[in-house]
Amino acid sequence: EEDQVPIGATKATVGIEVGYVIPIGSMFALDLGGQMLSGEAKIDHQNSGTIGPDDSAGNVSMTMDDHYTFYIAPTIALSDTSSIYIKAGVTQASTSTTGDVQPIPNLHGEMWAIGTRTVLETGVFIRSEAGYTEYNGISAHGTTADASPKTGTQQTTTSYSAEPTTAYGQISLGFRF
């Protein structure tokens with residue numbers, strides 16, 4: 001039996017971002033930076049069948065947290081105070097697993113986004129951005145030993161695979177030094 005776990009949730013996160021803008025002429029700039037977001041996403045699967053003396057052996061949980069992104073964003077000035085940009089970057093998220101499965105490595109992926117930035121006279125800026133991240137595929141299989149005729153313990157058939165993709169929208173405030 002194969003279970004599919006639908007994922008889709010909205011969650012507020014908190015993070016920090018540091019960047020540097022390199023002017024290229026009067027209308028273009030190149031923004032280089034890094035971002036860390038702390039927001040946990042969790043996938044849970046509860047075993048629905050009997051697999052031996054411990055029916056919870058098939059329960060699995062995978063968590064991803066601490067998303068780090070490094071990016072480059074070519075920017076076009078629309079006016080003295082407003083600009084639009086496209087962003088491309090590489091990202092990593094920490095992972096952990098619980099249950100009767102092998103641990104999985106951290107997620108790595110590519111991020112793409114588009115956004116606008118408006119700078120106020122005080123140096124404060126408001127930025128809106130929409131984007132998505134495609135992570136590498138992951139999979140894990142159960143770790144319980146083969147069935148034993150003496151104890152009746154069955155081999156775990158727990159396994160899962162995923163190709164995580166996150167889509168996001170963000171509005172952020174910052175300060176230009």
# chains A, B, ... in the order shown; residues from 1 in each chain; ligands from 1
>>> select_by_dssp(residues="range 56-103 of chain A", states="strand (DSSP E)", output="number ranges by chain")
A: 60-77, 82-99
>>> write_last_selection(atoms="N, CA, C and O atoms", output="short mmCIF file (atom, residue, chain, number, x, y, z; two decimals), in the first residue's frame")
data_model
loop_
_atom_site.label_atom_id
_atom_site.label_comp_id
_atom_site.auth_asym_id
_atom_site.auth_seq_id
_atom_site.Cartn_x
_atom_site.Cartn_y
_atom_site.Cartn_z
N VAL A 60 5.97 7.86 10.46
CA VAL A 60 7.14 8.57 9.96
C VAL A 60 6.87 10.07 10.00
O VAL A 60 5.76 10.52 9.75
N SER A 61 7.91 10.82 10.32
CA SER A 61 7.81 12.28 10.29
C SER A 61 9.09 12.84 9.70
O SER A 61 10.19 12.40 10.04
N MET A 62 8.96 13.78 8.76
CA MET A 62 10.11 14.44 8.16
C MET A 62 9.92 15.94 8.35
O MET A 62 8.84 16.47 8.09
N THR A 63 10.95 16.62 8.84
CA THR A 63 10.88 18.05 9.11
C THR A 63 11.98 18.76 8.34
O THR A 63 13.11 18.28 8.27
N MET A 64 11.63 19.92 7.74
CA MET A 64 12.65 20.78 7.14
C MET A 64 12.57 22.14 7.82
O MET A 64 11.49 22.62 8.15
N ASP A 65 13.74 22.75 8.08
CA ASP A 65 13.81 23.98 8.85
C ASP A 65 15.09 24.72 8.45
O ASP A 65 15.94 24.18 7.75
N ASP A 66 15.22 25.95 8.92
CA ASP A 66 16.41 26.78 8.69
C ASP A 66 16.80 26.82 7.22
O ASP A 66 17.75 26.19 6.78
N HIS A 67 16.07 27.59 6.46
CA HIS A 67 16.30 27.75 5.02
C HIS A 67 17.33 28.85 4.79
O HIS A 67 17.14 29.99 5.20
N TYR A 68 18.43 28.50 4.14
CA TYR A 68 19.49 29.46 3.79
C TYR A 68 19.50 29.64 2.28
O TYR A 68 19.48 28.65 1.54
N THR A 69 19.55 30.90 1.82
CA THR A 69 19.58 31.18 0.40
C THR A 69 20.66 32.21 0.10
O THR A 69 20.80 33.19 0.83
N PHE A 70 21.41 32.00 -0.97
CA PHE A 70 22.37 32.97 -1.48
C PHE A 70 21.93 33.30 -2.90
O PHE A 70 21.62 32.39 -3.68
N TYR A 71 21.87 34.61 -3.22
CA TYR A 71 21.24 35.00 -4.48
C TYR A 71 21.98 36.13 -5.19
O TYR A 71 22.81 36.82 -4.62
N ILE A 72 21.57 36.29 -6.46
CA ILE A 72 21.98 37.40 -7.29
C ILE A 72 20.69 37.94 -7.92
O ILE A 72 19.82 37.15 -8.32
N ALA A 73 20.55 39.28 -7.95
CA ALA A 73 19.30 39.87 -8.44
C ALA A 73 19.59 41.07 -9.34
O ALA A 73 19.84 42.17 -8.84
N PRO A 74 19.58 40.89 -10.66
CA PRO A 74 19.69 42.03 -11.56
C PRO A 74 18.47 42.95 -11.36
O PRO A 74 17.34 42.47 -11.27
N THR A 75 18.73 44.26 -11.27
CA THR A 75 17.70 45.23 -10.92
C THR A 75 17.65 46.36 -11.95
O THR A 75 18.69 46.84 -12.40
N ILE A 76 16.43 46.79 -12.28
CA ILE A 76 16.22 47.92 -13.19
C ILE A 76 15.50 49.02 -12.41
O ILE A 76 14.46 48.76 -11.78
N ALA A 77 16.05 50.24 -12.45
CA ALA A 77 15.41 51.38 -11.79
C ALA A 77 14.21 51.84 -12.61
O ALA A 77 14.31 52.05 -13.81
N SER A 82 12.10 53.74 -6.96
CA SER A 82 11.50 52.42 -7.18
C SER A 82 12.31 51.60 -8.18
O SER A 82 12.87 52.14 -9.13
N SER A 83 12.31 50.28 -7.97
CA SER A 83 13.00 49.38 -8.90
C SER A 83 12.26 48.04 -8.95
O SER A 83 11.45 47.71 -8.09
N ILE A 84 12.59 47.28 -9.97
CA ILE A 84 12.06 45.93 -10.15
C ILE A 84 13.25 45.00 -10.37
O ILE A 84 14.26 45.42 -10.94
N TYR A 85 13.15 43.76 -9.90
CA TYR A 85 14.28 42.84 -10.04
C TYR A 85 13.79 41.42 -10.27
O TYR A 85 12.64 41.08 -9.98
N ILE A 86 14.69 40.61 -10.82
CA ILE A 86 14.50 39.17 -10.87
C ILE A 86 15.64 38.59 -10.03
O ILE A 86 16.72 39.16 -9.94
N LYS A 87 15.36 37.49 -9.38
CA LYS A 87 16.33 36.92 -8.44
C LYS A 87 16.52 35.45 -8.74
O LYS A 87 15.55 34.73 -9.00
N ALA A 88 17.77 35.00 -8.70
CA ALA A 88 18.10 33.58 -8.83
C ALA A 88 19.07 33.23 -7.72
O ALA A 88 19.94 34.02 -7.37
N GLY A 89 18.90 32.05 -7.14
CA GLY A 89 19.79 31.68 -6.05
C GLY A 89 19.83 30.20 -5.79
O GLY A 89 19.11 29.41 -6.40
N VAL A 90 20.69 29.83 -4.87
CA VAL A 90 20.79 28.46 -4.38
C VAL A 90 20.35 28.46 -2.93
O VAL A 90 20.57 29.43 -2.20
N THR A 91 19.72 27.39 -2.53
CA THR A 91 19.17 27.33 -1.18
C THR A 91 19.42 25.97 -0.54
O THR A 91 19.65 24.98 -1.24
N GLN A 92 19.39 25.96 0.78
CA GLN A 92 19.57 24.74 1.55
C GLN A 92 18.63 24.78 2.73
O GLN A 92 18.39 25.83 3.30
N ALA A 93 18.07 23.62 3.10
CA ALA A 93 17.22 23.51 4.28
C ALA A 93 17.68 22.31 5.10
O ALA A 93 18.00 21.26 4.54
N SER A 94 17.71 22.47 6.41
CA SER A 94 18.06 21.37 7.31
C SER A 94 16.88 20.40 7.38
O SER A 94 15.73 20.81 7.33
N THR A 95 17.19 19.12 7.51
CA THR A 95 16.14 18.10 7.61
C THR A 95 16.38 17.21 8.82
O THR A 95 17.51 17.05 9.29
N SER A 96 15.29 16.62 9.29
CA SER A 96 15.38 15.59 10.33
C SER A 96 14.23 14.62 10.11
O SER A 96 13.20 14.99 9.55
N THR A 97 14.42 13.38 10.52
CA THR A 97 13.38 12.37 10.40
C THR A 97 13.21 11.67 11.73
O THR A 97 14.15 11.53 12.51
N THR A 98 11.97 11.24 11.99
CA THR A 98 11.70 10.37 13.13
C THR A 98 10.87 9.22 12.62
O THR A 98 10.17 9.33 11.61
N GLY A 99 10.94 8.12 13.30
CA GLY A 99 10.22 6.93 12.88
C GLY A 99 11.18 5.88 12.38
O GLY A 99 12.39 6.02 12.48
#
>>> closest_residue(among="A:Pro103, A:Ala167, A:Ser161, A:Ser172", to="Phe125 in chain A", atoms="only C-alpha atoms")
A:Ser172
>>> residues_around(residues="Gly169 in chain A", least_positions_apart="2", cutoff="8 Å", atoms="only C-alpha atoms", output="number ranges by chain")
A: 128-131, 167, 171
>>> atom_distance(atom1="CA of Ser38 in chain A", atom2="CA of Val14 in chain A")
5.9 Å
>>> closest_residue(among="A:Arg127, A:Ser139, A:Thr116, A:Asp31", to="Ile104 in chain A", atoms="only C-alpha atoms")
A:Ser139
>>> atom_distance(atom1="CA of Tyr135 in chain A", atom2="CA of Gly115 in chain A")
21.2 Å
